[in-house]
file work_8.tsv (TSV, C-alpha atoms)
chain	number	residue	atom	x	y	z
A	1	MET	CA	113.47	89.92	72.29
A	2	SER	CA	113.07	86.41	73.65
A	3	LEU	CA	116.12	84.37	74.58
A	4	SER	CA	114.01	81.28	75.26
A	5	ASN	CA	114.49	79.49	71.95
A	6	GLY	CA	116.46	76.31	72.50
A	7	ARG	CA	116.14	73.55	75.06
A	8	ALA	CA	113.78	74.59	77.85
A	9	TYR	CA	114.66	73.81	81.47
A	10	LEU	CA	111.83	72.59	83.70
A	11	ALA	CA	113.19	73.53	87.14
A	12	ILE	CA	109.99	72.69	89.00
A	13	PRO	CA	109.85	70.24	91.92
A	14	GLY	CA	108.51	67.40	89.80
A	15	PRO	CA	108.06	66.12	87.25
A	16	SER	CA	111.80	66.50	87.19
A	17	VAL	CA	114.23	66.57	84.30
A	18	MET	CA	114.17	63.21	82.50
A	19	PRO	CA	117.53	61.74	81.44
A	20	ASP	CA	117.79	61.12	77.72
A	21	ALA	CA	118.64	57.50	78.50
A	22	VAL	CA	115.32	57.07	80.32
A	23	LEU	CA	113.36	58.57	77.43
A	24	GLN	CA	115.26	56.43	74.93
A	25	ALA	CA	114.52	53.29	76.95
A	26	MET	CA	110.82	54.10	76.73
A	27	HIS	CA	110.91	54.85	72.99
A	28	ARG	CA	110.20	51.33	71.78
A	29	ALA	CA	107.39	49.09	70.66
A	30	SER	CA	105.15	47.48	73.27
A	31	PRO	CA	106.65	44.25	74.59
A	32	ASN	CA	105.04	40.85	75.13
A	33	ILE	CA	103.22	41.22	78.45
A	34	TYR	CA	102.71	37.49	78.95
A	35	GLU	CA	106.30	36.24	79.20
A	36	GLY	CA	109.90	37.05	78.58
A	37	GLU	CA	112.01	40.14	79.16
A	38	LEU	CA	109.28	42.32	80.70
A	39	HIS	CA	108.73	39.77	83.46
A	40	ASP	CA	112.44	39.54	84.16
A	41	LEU	CA	112.79	43.34	84.14
A	42	THR	CA	109.94	43.78	86.61
A	43	ASP	CA	111.31	41.14	88.96
A	44	GLY	CA	114.63	42.97	88.89
A	45	LEU	CA	113.08	46.31	89.84
A	46	ILE	CA	112.00	45.08	93.26
A	47	PRO	CA	115.44	44.69	94.92
A	48	ASP	CA	116.61	48.04	93.57
A	49	LEU	CA	113.45	49.81	94.77
A	50	LYS	CA	114.22	48.38	98.21
A	51	LYS	CA	117.83	49.60	97.99
A	52	VAL	CA	116.73	53.16	97.20
A	53	ALA	CA	114.44	53.12	100.25
A	54	MET	CA	117.11	51.38	102.36
A	55	THR	CA	114.79	48.59	103.41
A	56	ASP	CA	114.59	44.80	103.47
A	57	GLN	CA	110.80	44.98	103.74
A	58	HIS	CA	108.09	44.87	101.08
A	59	VAL	CA	107.28	47.15	98.12
A	60	ALA	CA	104.18	47.34	95.95
A	61	ILE	CA	103.93	49.15	92.61
A	62	TYR	CA	100.80	51.10	91.60
A	63	ILE	CA	99.80	52.66	88.30
A	64	GLY	CA	99.04	56.16	89.51
A	65	ASN	CA	100.55	59.33	90.92
A	66	GLY	CA	101.56	60.03	94.50
A	67	HIS	CA	97.96	60.50	95.54
A	68	ALA	CA	97.32	56.91	94.48
A	69	ALA	CA	100.13	55.77	96.79
A	70	TRP	CA	98.57	57.81	99.62
A	71	GLU	CA	95.26	56.00	99.21
A	72	ALA	CA	96.88	52.59	98.79
A	73	ALA	CA	98.87	53.01	102.00
A	74	LEU	CA	95.83	54.15	103.98
A	75	ALA	CA	93.48	51.53	102.55
A	76	ASN	CA	95.73	48.65	103.58
A	77	VAL	CA	96.06	49.61	107.24
A	78	LEU	CA	92.88	51.46	108.26
A	79	SER	CA	89.35	50.53	109.19
A	80	ARG	CA	86.53	53.04	108.96
A	81	GLY	CA	86.45	55.01	112.18
A	82	ASP	CA	90.16	54.62	112.93
A	83	THR	CA	92.02	57.75	114.01
A	84	VAL	CA	95.12	59.11	112.29
A	85	LEU	CA	97.34	61.96	113.46
A	86	VAL	CA	98.45	64.32	110.69
A	87	LEU	CA	101.62	66.35	111.31
A	88	ALA	CA	101.21	69.14	108.77
A	89	THR	CA	104.17	71.21	107.58
A	90	GLY	CA	102.67	72.27	104.27
A	91	ARG	CA	99.96	71.41	101.80
A	92	PHE	CA	100.84	67.78	101.20
A	93	CYS	CA	100.43	66.20	104.61
A	94	ILE	CA	97.16	68.09	104.91
A	95	GLY	CA	96.14	66.48	101.62
A	96	TRP	CA	97.08	63.04	102.88
A	97	GLY	CA	94.88	63.64	105.90
A	98	GLU	CA	92.01	64.73	103.67
A	99	MET	CA	92.33	61.46	101.80
A	100	ALA	CA	92.22	59.54	105.10
A	101	ALA	CA	89.00	61.36	105.99
A	102	GLY	CA	87.62	60.46	102.58
A	103	ILE	CA	87.90	56.75	103.27
A	104	GLY	CA	86.23	57.05	106.66
A	105	ALA	CA	89.05	57.74	109.12
A	106	LYS	CA	88.93	60.29	111.91
A	107	VAL	CA	91.67	62.86	111.43
A	108	GLU	CA	93.44	64.84	114.12
A	109	THR	CA	95.85	67.47	112.83
A	110	ILE	CA	98.72	69.40	114.37
A	111	ASP	CA	99.50	72.16	111.89
A	112	TYR	CA	102.97	73.69	112.16
A	113	GLY	CA	102.30	76.24	109.45
A	114	PRO	CA	104.06	76.78	106.13
A	115	ALA	CA	107.57	77.56	107.36
A	116	ALA	CA	108.43	75.24	110.27
A	117	PRO	CA	109.20	71.55	110.83
A	118	ILE	CA	107.43	69.14	113.16
A	119	ASP	CA	107.86	69.96	116.86
A	120	LEU	CA	108.93	66.55	118.14
A	121	ALA	CA	108.47	67.37	121.82
A	122	GLN	CA	104.88	68.39	121.16
A	123	VAL	CA	104.24	65.14	119.29
A	124	GLN	CA	105.63	63.13	122.20
A	125	ASP	CA	103.33	64.94	124.63
A	126	TYR	CA	100.36	64.45	122.32
A	127	LEU	CA	100.96	60.72	121.97
A	128	THR	CA	101.69	60.27	125.68
A	129	ALA	CA	98.29	61.80	126.39
A	130	ASP	CA	96.64	59.24	124.10
A	131	LYS	CA	96.29	56.67	126.89
A	132	ASP	CA	93.72	54.58	125.02
A	133	HIS	CA	95.87	54.45	121.88
A	134	ARG	CA	93.01	55.63	119.68
A	135	ILE	CA	95.57	56.90	117.13
A	136	LYS	CA	96.36	54.07	114.75
A	137	ALA	CA	98.80	55.89	112.46
A	138	VAL	CA	100.94	59.01	112.43
A	139	LEU	CA	101.22	60.64	109.00
A	140	ALA	CA	104.24	62.80	108.22
A	141	VAL	CA	105.90	64.17	105.11
A	142	HIS	CA	109.68	63.80	104.93
A	143	VAL	CA	109.97	66.75	102.52
A	144	ASP	CA	106.90	68.86	101.81
A	145	THR	CA	107.10	69.99	98.20
A	146	SER	CA	105.04	73.12	98.86
A	147	THR	CA	107.21	74.54	101.65
A	148	SER	CA	110.56	72.73	101.12
A	149	VAL	CA	110.72	71.82	104.82
A	150	LYS	CA	112.53	68.59	105.70
A	151	ASN	CA	111.26	66.78	108.78
A	152	ASP	CA	113.25	64.58	111.15
A	153	ILE	CA	111.62	61.20	110.56
A	154	ALA	CA	114.13	59.28	112.66
A	155	GLY	CA	113.48	61.73	115.50
A	156	LEU	CA	109.76	61.22	115.06
A	157	ARG	CA	110.16	57.48	115.56
A	158	ALA	CA	112.23	58.16	118.67
A	159	VAL	CA	109.52	60.27	120.31
A	160	MET	CA	106.83	57.77	119.36
A	161	ASP	CA	108.86	55.07	121.08
A	162	ALA	CA	109.52	57.34	124.07
A	163	ALA	CA	105.78	57.84	124.40
A	164	GLY	CA	105.29	54.08	124.30
A	165	HIS	CA	102.76	54.49	121.51
A	166	PRO	CA	102.04	51.60	119.11
A	167	ALA	CA	100.83	53.74	116.17
A	168	LEU	CA	102.20	53.10	112.72
A	169	LEU	CA	104.71	55.64	111.43
A	170	MET	CA	103.79	56.48	107.83
A	171	ALA	CA	106.06	58.75	105.79
A	172	ASP	CA	105.56	60.51	102.47
A	173	CYS	CA	108.87	60.57	100.56
A	174	ILE	CA	107.46	61.62	97.21
A	175	ALA	CA	109.69	64.70	97.00
A	176	SER	CA	112.72	63.30	98.80
A	177	LEU	CA	113.38	59.72	97.68
A	178	GLY	CA	116.65	59.51	95.79
A	179	CYS	CA	117.55	63.09	96.79
A	180	ASP	CA	117.58	63.52	100.58
A	181	ARG	CA	118.84	60.67	102.73
A	182	PHE	CA	116.04	58.39	103.85
A	183	GLU	CA	116.55	55.07	105.68
A	184	MET	CA	113.27	53.23	106.10
A	185	ASP	CA	114.46	50.36	108.29
A	186	ALA	CA	117.07	52.21	110.35
A	187	TRP	CA	114.60	55.02	111.05
A	188	GLY	CA	111.80	52.68	112.07
A	189	VAL	CA	109.28	53.66	109.39
A	190	ASP	CA	106.37	51.25	108.96
A	191	VAL	CA	104.94	52.56	105.68
A	192	MET	CA	106.55	54.83	103.10
A	193	VAL	CA	105.12	56.17	99.85
A	194	SER	CA	106.80	57.73	96.85
A	195	GLY	CA	106.39	58.34	93.12
A	196	CYS	CA	108.53	57.89	90.03
A	197	GLN	CA	108.58	61.45	88.69
A	198	LYS	CA	110.95	63.27	91.04
A	199	GLY	CA	114.18	61.75	92.35
A	200	LEU	CA	113.52	58.57	90.35
A	201	MET	CA	113.58	60.59	87.09
A	202	THR	CA	110.78	58.75	85.27
A	203	PRO	CA	107.70	60.35	83.66
A	204	ALA	CA	104.79	60.61	86.09
A	205	GLY	CA	102.45	57.65	86.22
A	206	ILE	CA	103.63	55.03	88.71
A	207	SER	CA	103.99	55.13	92.47
A	208	PHE	CA	105.14	52.85	95.25
A	209	VAL	CA	104.29	51.79	98.78
A	210	TRP	CA	106.95	50.22	100.97
A	211	TYR	CA	105.68	48.53	104.14
A	212	ASN	CA	106.84	46.21	106.91
A	213	ASP	CA	105.23	43.23	108.63
A	214	LYS	CA	103.82	45.39	111.43
A	215	ALA	CA	101.93	47.47	108.88
A	216	ASP	CA	100.68	44.38	107.08
A	217	ALA	CA	99.38	42.95	110.36
A	218	ALA	CA	97.45	46.18	111.01
A	219	ARG	CA	95.18	45.44	108.06
A	220	GLY	CA	91.73	47.02	108.38
A	221	ASP	CA	88.47	46.89	106.48
A	222	CYS	CA	89.17	49.64	103.95
A	223	VAL	CA	91.30	47.54	101.62
A	224	THR	CA	89.82	46.62	98.26
A	225	THR	CA	90.99	44.25	95.56
A	226	TYR	CA	92.71	46.96	93.58
A	227	TRP	CA	94.56	48.64	96.45
A	228	ASP	CA	95.53	45.38	98.20
A	229	TRP	CA	99.32	45.37	98.47
A	230	ARG	CA	99.68	41.64	99.24
A	231	PRO	CA	99.24	40.18	95.73
A	232	ARG	CA	101.34	43.03	94.31
A	233	THR	CA	104.13	42.12	96.71
A	234	LYS	CA	104.01	38.34	96.24
A	235	PRO	CA	102.31	37.79	92.88
A	236	GLU	CA	101.51	34.24	91.85
A	237	MET	CA	100.94	35.51	88.30
A	238	TYR	CA	102.63	38.45	86.62
A	239	PHE	CA	99.50	40.59	86.21
A	240	GLN	CA	99.09	40.68	89.99
A	241	TYR	CA	102.02	43.08	90.26
A	242	PHE	CA	99.62	45.69	88.86
A	243	ASP	CA	96.16	44.11	89.22
A	244	GLY	CA	95.98	44.16	85.45
A	245	THR	CA	98.05	45.28	82.49
A	246	ALA	CA	101.56	46.42	83.32
A	247	PRO	CA	102.65	50.06	82.72
A	248	THR	CA	105.12	48.66	80.22
A	249	HIS	CA	106.99	51.72	79.01
A	250	HIS	CA	107.20	53.26	82.47
A	251	LEU	CA	108.88	50.07	83.64
A	252	TYR	CA	111.55	50.33	80.95
A	253	GLY	CA	112.15	53.95	81.89
A	254	LEU	CA	112.27	53.16	85.61
A	255	ARG	CA	114.75	50.37	84.99
A	256	LYS	CA	117.12	52.79	83.27
A	257	ALA	CA	116.61	55.44	85.97
A	258	LEU	CA	117.46	52.97	88.73
A	259	ASP	CA	120.53	51.88	86.76
A	260	ILE	CA	121.67	55.52	86.67
A	261	ILE	CA	121.20	55.84	90.44
A	262	MET	CA	122.95	52.55	91.21
A	263	ASN	CA	125.86	53.38	88.92
A	264	GLU	CA	126.38	56.73	90.63
A	265	GLY	CA	125.86	55.20	94.08
A	266	LEU	CA	123.33	56.37	96.66
A	267	GLU	CA	125.93	58.11	98.81
A	268	ALA	CA	127.17	60.07	95.80
A	269	VAL	CA	123.58	60.92	94.85
A	270	PHE	CA	122.95	62.32	98.33
A	271	ALA	CA	126.22	64.28	98.29
A	272	ARG	CA	125.48	65.80	94.87
A	273	HIS	CA	122.02	66.94	95.95
A	274	ALA	CA	123.41	68.39	99.18
A	275	THR	CA	126.10	70.39	97.37
A	276	LEU	CA	123.69	71.72	94.74
A	277	ALA	CA	121.22	72.73	97.45
A	278	GLN	CA	123.94	74.56	99.32
A	279	THR	CA	124.88	76.32	96.08
A	280	ILE	CA	121.34	77.66	95.80
A	281	TRP	CA	121.23	78.69	99.45
A	282	ALA	CA	124.51	80.59	99.10
A	283	ALA	CA	123.07	82.66	96.26
A	284	PHE	CA	119.87	83.41	98.17
A	285	ASP	CA	121.82	84.44	101.25
A	286	LYS	CA	123.33	87.23	99.13
A	287	TRP	CA	120.14	88.19	97.32
A	288	SER	CA	118.25	88.29	100.63
A	289	SER	CA	120.66	90.82	102.15
A	290	ASP	CA	118.63	93.57	100.47
A	291	GLY	CA	115.07	93.56	99.16
A	292	PRO	CA	112.00	91.39	99.77
A	293	MET	CA	113.30	87.92	98.89
A	294	HIS	CA	114.15	85.20	101.42
A	295	LEU	CA	114.17	81.42	101.71
A	296	ASN	CA	110.99	79.98	103.19
A	297	ILE	CA	112.83	77.73	105.67
A	298	ALA	CA	115.25	79.69	107.84
A	299	ASP	CA	117.17	76.78	109.41
A	300	PRO	CA	119.45	75.06	106.86
A	301	ALA	CA	119.17	71.79	108.82
A	302	CYS	CA	115.42	71.76	108.04
A	303	ARG	CA	115.75	72.52	104.33
A	304	SER	CA	115.24	69.97	101.60
A	305	HIS	CA	118.05	69.07	99.22
A	306	ALA	CA	115.47	68.53	96.46
A	307	VAL	CA	113.31	71.66	96.41
A	308	THR	CA	113.68	75.23	97.62
A	309	ALA	CA	110.67	77.46	98.35
A	310	VAL	CA	111.21	81.21	98.19
A	311	ALA	CA	109.15	84.16	99.47
A	312	ILE	CA	109.45	87.35	97.45
A	313	GLY	CA	106.19	89.26	97.98
A	314	SER	CA	103.06	89.64	95.87
A	315	PRO	CA	102.97	89.79	92.85
A	316	LEU	CA	106.72	89.43	92.35
A	317	GLY	CA	106.72	85.62	92.51
A	318	ASP	CA	104.57	85.31	89.41
A	319	LYS	CA	106.29	88.22	87.65
A	320	LEU	CA	109.72	86.64	88.12
A	321	ARG	CA	108.50	83.20	87.05
A	322	TYR	CA	106.89	84.65	83.92
A	323	TRP	CA	110.04	86.57	82.98
A	324	CYS	CA	112.31	83.54	83.51
A	325	GLU	CA	110.12	81.26	81.41
A	326	HIS	CA	109.14	83.54	78.54
A	327	THR	CA	112.40	85.42	78.22
A	328	CYS	CA	114.95	82.71	79.04
A	329	GLY	CA	113.20	79.32	78.82
A	330	LEU	CA	113.46	78.51	82.54
A	331	THR	CA	110.30	77.26	84.25
A	332	LEU	CA	110.16	77.71	88.04
A	333	GLY	CA	107.57	76.19	90.37
A	334	ILE	CA	104.47	78.06	91.47
A	335	GLY	CA	103.68	79.07	95.04
A	336	LEU	CA	101.63	75.92	95.55
A	337	GLY	CA	99.42	76.00	98.63
A	338	ARG	CA	100.61	79.47	99.66
A	339	GLU	CA	98.62	82.64	100.27
A	340	PRO	CA	98.94	84.65	98.17
A	341	ALA	CA	100.40	82.21	95.68
A	342	ASP	CA	101.99	84.97	93.58
A	343	ALA	CA	104.23	85.94	96.49
A	344	PHE	CA	106.22	82.70	96.26
A	345	PHE	CA	108.09	80.51	93.82
A	346	ARG	CA	109.97	77.22	94.06
A	347	ILE	CA	113.08	75.72	92.50
A	348	GLY	CA	113.25	72.00	91.87
A	349	HIS	CA	116.77	70.59	92.06
A	350	MET	CA	116.04	66.88	92.16
A	351	GLY	CA	117.18	63.89	90.18
A	352	HIS	CA	118.99	64.51	86.90
A	353	VAL	CA	120.61	67.85	87.76
A	354	ASN	CA	124.21	68.99	87.90
A	355	ALA	CA	126.29	72.07	88.67
A	356	HIS	CA	126.01	73.88	85.34
A	357	MET	CA	122.22	73.40	85.33
A	358	ILE	CA	121.92	74.95	88.79
A	359	MET	CA	124.21	77.82	87.82
A	360	GLY	CA	121.94	78.38	84.80
A	361	VAL	CA	118.94	78.61	87.12
A	362	LEU	CA	120.69	81.06	89.42
A	363	GLY	CA	122.04	83.17	86.56
A	364	THR	CA	118.57	83.43	85.03
A	365	ILE	CA	117.01	84.44	88.33
A	366	ASP	CA	119.75	87.04	88.80
A	367	ALA	CA	119.02	88.46	85.37
A	368	GLY	CA	115.29	88.48	86.10
A	369	LEU	CA	115.77	90.40	89.33
A	370	LYS	CA	117.70	93.04	87.40
A	371	ALA	CA	115.28	93.15	84.47
A	372	LEU	CA	112.28	93.57	86.76
A	373	GLU	CA	114.15	95.98	89.03
A	374	ILE	CA	113.43	93.89	92.10
A	375	PRO	CA	115.71	95.01	94.95
A	376	HIS	CA	118.29	92.37	95.87
A	377	GLY	CA	121.74	92.02	97.33
A	378	SER	CA	124.81	91.53	95.15
A	379	GLY	CA	127.37	88.75	94.92
A	380	ALA	CA	124.96	85.83	94.61
A	381	LEU	CA	126.59	84.12	91.65
A	382	GLU	CA	130.06	84.57	93.11
A	383	ALA	CA	128.90	82.92	96.34
A	384	ALA	CA	127.32	80.05	94.42
A	385	THR	CA	130.44	79.35	92.37
A	386	LYS	CA	132.52	79.19	95.53
A	387	VAL	CA	130.32	76.37	96.86
A	388	ILE	CA	130.71	74.46	93.61
A	389	ALA	CA	134.46	75.09	93.52
A	390	LYS	CA	134.81	73.75	97.04
A	391	GLY	CA	132.41	70.85	96.60
A	392	GLY	CA	133.65	69.62	93.25
A	393	SER	CA	135.55	66.33	93.31
A	394	ALA	CA	136.86	66.09	89.73
A	395	PRO	CA	140.67	65.96	89.44
A	396	VAL	CA	142.44	69.08	88.23
A	397	VAL	CA	144.51	68.39	85.10
call {"tool": "encode", "arguments": {"input": "work_8.tsv", "output": "structure tokens"}}
result
Amino acid sequence: MSLSNGRAYLAIPGPSVMPDAVLQAMHRASPNIYEGELHDLTDGLIPDLKKVAMTDQHVAIYIGNGHAAWEAALANVLSRGDTVLVLATGRFCIGWGEMAAGIGAKVETIDYGPAAPIDLAQVQDYLTADKDHRIKAVLAVHVDTSTSVKNDIAGLRAVMDAAGHPALLMADCIASLGCDRFEMDAWGVDVMVSGCQKGLMTPAGISFVWYNDKADAARGDCVTTYWDWRPRTKPEMYFQYFDGTAPTHHLYGLRKALDIIMNEGLEAVFARHATLAQTIWAAFDKWSSDGPMHLNIADPACRSHAVTAVAIGSPLGDKLRYWCEHTCGLTLGIGLGREPADAFFRIGHMGHVNAHMIMGVLGTIDAGLKALEIPHGSGALEAATKVIAKGGSAPVV
């Protein structure tokens, strides 16, 4: 018997759950692209996009996924033959480095493996040794979606400054923006990229590059008309925001999503994600007391509040995912970038998620462990409810 009939739950680390209000805002006829409300709406997105990134600097919008934002960021600051330093803590920073190589950059990589954050002391030593300052940019991922590691971006800026190195600090916040705290200006980030489909709760299709004046002044010879962030940032005509036709319905959805975030308040958004992440960790602490399953990132301080990667052993990752989806209607993330992939799974808990949704995820996993007779410790759901009971702020009546 299948218990999956009903509303499915896509608990993958992006695209995330879309609020009904966002989908309803997009369910409309195409607007006039030449004047009127669409122009006003787009102008109004810019200050709120800056608020979410905690910056007073510039932001450009691109029609494309996160990979498009990667290329846009690189193209605006690099010349062919420039060197970038990739600090890899999972598949995604490696991918960003591959894209840099594809546009003609030289790539040096420090790979910290799939279960550890950046070693800041090692980075400081590496940059101190770069006496000729051949490294033009340091690429880091704030939260790597494949491993769920969260890196200390503010600490990275501190060691770059301690090394006296002038390289640009470029951060990928595709998985973390609007979930884990990120402060572009206060943390000294020169370029940041993100997408709309995770913490910003909008269907995949648009991405963003935030940059400061230092990054703009670093302009190299790789930039092309389409990727150029300058006209997108200060358009003389509306079409220059996008170098062509606007992604009209995405903009309406994004406007509603940003309204939801601003109405809740960024601090409350961060607190909600932190509490829900801790709820998940509490359950896994109990499950991991017996059997093969454990969280990929051991140190809670280095875990994302948006995605949790789990090791369970081959082929149990795929078996559990299949059972959860086809028996109960819960879709978990694959072991992306892991070897073997069927030994891992991921839970997305980003954006439009709340306590009862997370408890549904945990309850389904608990049932799956029992159904598949996978050894595990007891008391996981009890531990999770205690976190929610303690973290809840609603008044008791």
call {"tool": "residues_around", "arguments": {"input": "work_8.tsv", "residues": "A:Ile388", "least_positions_apart": "5", "cutoff": "12 Å", "atoms": "only C-alpha atoms", "output": "MDAnalysis selection string"}}
result
chainID A and resid 272:283 354:359 381:383 393:394
call {"tool": "atom_distance", "arguments": {"input": "work_8.tsv", "atom1": "atom CA of A:Phe208", "atom2": "atom CA of A:Val193"}}
result
5.7 Å
call {"tool": "closest_atom_pairs", "arguments": {"input": "work_8.tsv", "of": "stretch 226-299 of chain A", "to": "stretch 173-180 of chain A", "cutoff": "10 Å", "atoms": "only C-alpha atoms", "output": "Markdown table"}}
result
| residue | atom | partner | partner_atom | distance |
| --- | --- | --- | --- | --- |
| A:Leu258 | CA | A:Gly178 | CA | 9.7 |
| A:Ile261 | CA | A:Gly178 | CA | 7.9 |
| A:Leu266 | CA | A:Gly178 | CA | 7.4 |
| A:Glu267 | CA | A:Gly178 | CA | 9.9 |
| A:Val269 | CA | A:Cys179 | CA | 6.7 |
| A:Phe270 | CA | A:Cys179 | CA | 5.7 |
| A:Ala271 | CA | A:Cys179 | CA | 8.9 |
| A:Arg272 | CA | A:Cys179 | CA | 8.6 |
| A:His273 | CA | A:Cys179 | CA | 6.0 |
| A:Ala274 | CA | A:Asp180 | CA | 7.7 |
call {"tool": "residues_around", "arguments": {"input": "work_8.tsv", "residues": "stretch 228-232 of chain A", "least_positions_apart": "5", "cutoff": "12 Å", "atoms": "all atoms listed in the file", "output": "PDB file with C-alpha atoms, keeping the file's coordinate frame"}}
result
ATOM      1  CA  THR A  42     109.940  43.780  86.610  1.00  0.00           C
ATOM      2  CA  ASP A  43     111.310  41.140  88.960  1.00  0.00           C
ATOM      3  CA  ILE A  46     112.000  45.080  93.260  1.00  0.00           C
ATOM      4  CA  HIS A  58     108.090  44.870 101.080  1.00  0.00           C
ATOM      5  CA  VAL A  59     107.280  47.150  98.120  1.00  0.00           C
ATOM      6  CA  ALA A  60     104.180  47.340  95.950  1.00  0.00           C
ATOM      7  CA  ILE A  61     103.930  49.150  92.610  1.00  0.00           C
ATOM      8  CA  TYR A  62     100.800  51.100  91.600  1.00  0.00           C
ATOM      9  CA  ILE A  63      99.800  52.660  88.300  1.00  0.00           C
ATOM     10  CA  ALA A  69     100.130  55.770  96.790  1.00  0.00           C
ATOM     11  CA  GLU A  71      95.260  56.000  99.210  1.00  0.00           C
ATOM     12  CA  ALA A  72      96.880  52.590  98.790  1.00  0.00           C
ATOM     13  CA  ALA A  73      98.870  53.010 102.000  1.00  0.00           C
ATOM     14  CA  LEU A  74      95.830  54.150 103.980  1.00  0.00           C
ATOM     15  CA  ALA A  75      93.480  51.530 102.550  1.00  0.00           C
ATOM     16  CA  ASN A  76      95.730  48.650 103.580  1.00  0.00           C
ATOM     17  CA  VAL A  77      96.060  49.610 107.240  1.00  0.00           C
ATOM     18  CA  VAL A 191     104.940  52.560 105.680  1.00  0.00           C
ATOM     19  CA  PHE A 208     105.140  52.850  95.250  1.00  0.00           C
ATOM     20  CA  VAL A 209     104.290  51.790  98.780  1.00  0.00           C
ATOM     21  CA  TRP A 210     106.950  50.220 100.970  1.00  0.00           C
ATOM     22  CA  TYR A 211     105.680  48.530 104.140  1.00  0.00           C
ATOM     23  CA  ASN A 212     106.840  46.210 106.910  1.00  0.00           C
ATOM     24  CA  ASP A 213     105.230  43.230 108.630  1.00  0.00           C
ATOM     25  CA  ALA A 215     101.930  47.470 108.880  1.00  0.00           C
ATOM     26  CA  ASP A 216     100.680  44.380 107.080  1.00  0.00           C
ATOM     27  CA  ALA A 217      99.380  42.950 110.360  1.00  0.00           C
ATOM     28  CA  ARG A 219      95.180  45.440 108.060  1.00  0.00           C
ATOM     29  CA  GLY A 220      91.730  47.020 108.380  1.00  0.00           C
ATOM     30  CA  ASP A 221      88.470  46.890 106.480  1.00  0.00           C
ATOM     31  CA  CYS A 222      89.170  49.640 103.950  1.00  0.00           C
ATOM     32  CA  VAL A 223      91.300  47.540 101.620  1.00  0.00           C
ATOM     33  CA  MET A 237     100.940  35.510  88.300  1.00  0.00           C
ATOM     34  CA  TYR A 238     102.630  38.450  86.620  1.00  0.00           C
ATOM     35  CA  PHE A 239      99.500  40.590  86.210  1.00  0.00           C
ATOM     36  CA  GLN A 240      99.090  40.680  89.990  1.00  0.00           C
ATOM     37  CA  TYR A 241     102.020  43.080  90.260  1.00  0.00           C
ATOM     38  CA  PHE A 242      99.620  45.690  88.860  1.00  0.00           C
ATOM     39  CA  ASP A 243      96.160  44.110  89.220  1.00  0.00           C
ATOM     40  CA  GLY A 244      95.980  44.160  85.450  1.00  0.00           C
ATOM     41  CA  ALA A 246     101.560  46.420  83.320  1.00  0.00           C
TER      42      ALA A 246
END
call {"tool": "atom_distance", "arguments": {"input": "work_8.tsv", "atom1": "atom CA of A:Asp48", "atom2": "atom CA of A:Ala186"}}
result
17.3 Å
call {"tool": "residues_near_point", "arguments": {"input": "work_8.tsv", "point": "(117.5, 60.1, 88.9)", "cutoff": "10 Å", "atoms": "all atoms listed in the file", "output": "VMD selection string"}}
result
chain A and resid 16 to 19 22 177 to 179 196 to 202 254 256 to 262 264 269 350 to 353
call {"tool": "atom_distance", "arguments": {"input": "work_8.tsv", "atom1": "atom CA of A:Thr109", "atom2": "atom CA of A:Leu87"}}
result
6.1 Å
call {"tool": "residues_around", "arguments": {"input": "work_8.tsv", "residues": "A:Ala162", "least_positions_apart": "3", "cutoff": "10 Å", "atoms": "all atoms listed in the file", "output": "MDAnalysis selection string"}}
result
chainID A and resid 124:125 127:128 156:159 165
call {"tool": "closest_residue", "arguments": {"input": "work_8.tsv", "among": "A:Asp152, A:Ser79, A:Ile365, A:Leu139", "to": "A:Leu168", "atoms": "all atoms listed in the file"}}
result
A:Leu139
call {"tool": "closest_residue", "arguments": {"input": "work_8.tsv", "among": "A:Gly291, A:Pro47, A:Gly317, A:Gly363", "to": "A:Leu330", "atoms": "only C-alpha atoms"}}
result
A:Gly363
call {"tool": "build_atoms", "arguments": {"input": "work_8.tsv", "residues": "stretch 173-180 of chain A", "atoms": "N, CA and C atoms", "output": "mmCIF file, keeping the file's coordinate frame"}}
result
data_model
loop_
_atom_site.group_PDB
_atom_site.id
_atom_site.type_symbol
_atom_site.label_atom_id
_atom_site.label_comp_id
_atom_site.auth_asym_id
_atom_site.auth_seq_id
_atom_site.Cartn_x
_atom_site.Cartn_y
_atom_site.Cartn_z
ATOM 1 N N CYS A 173 107.549 60.220 101.093
ATOM 2 C CA CYS A 173 108.870 60.570 100.560
ATOM 3 C C CYS A 173 108.792 60.868 99.068
ATOM 4 N N ILE A 174 107.652 61.368 98.628
ATOM 5 C CA ILE A 174 107.460 61.620 97.210
ATOM 6 C C ILE A 174 108.477 62.630 96.688
ATOM 7 N N ALA A 175 108.756 63.676 97.444
ATOM 8 C CA ALA A 175 109.690 64.700 97.000
ATOM 9 C C ALA A 175 111.138 64.409 97.368
ATOM 10 N N SER A 176 111.368 63.460 98.252
ATOM 11 C CA SER A 176 112.720 63.300 98.800
ATOM 12 C C SER A 176 113.437 62.037 98.359
ATOM 13 N N LEU A 177 112.718 60.994 97.954
ATOM 14 C CA LEU A 177 113.380 59.720 97.680
ATOM 15 C C LEU A 177 114.389 59.860 96.545
ATOM 16 N N GLY A 178 115.595 59.402 96.785
ATOM 17 C CA GLY A 178 116.650 59.510 95.790
ATOM 18 C C GLY A 178 117.281 60.890 95.742
ATOM 19 N N CYS A 179 116.979 61.735 96.728
ATOM 20 C CA CYS A 179 117.550 63.090 96.790
ATOM 21 C C CYS A 179 118.100 63.354 98.196
ATOM 22 N N ASP A 180 117.197 63.409 99.180
ATOM 23 C CA ASP A 180 117.580 63.520 100.580
ATOM 24 C C ASP A 180 117.712 62.133 101.188
#
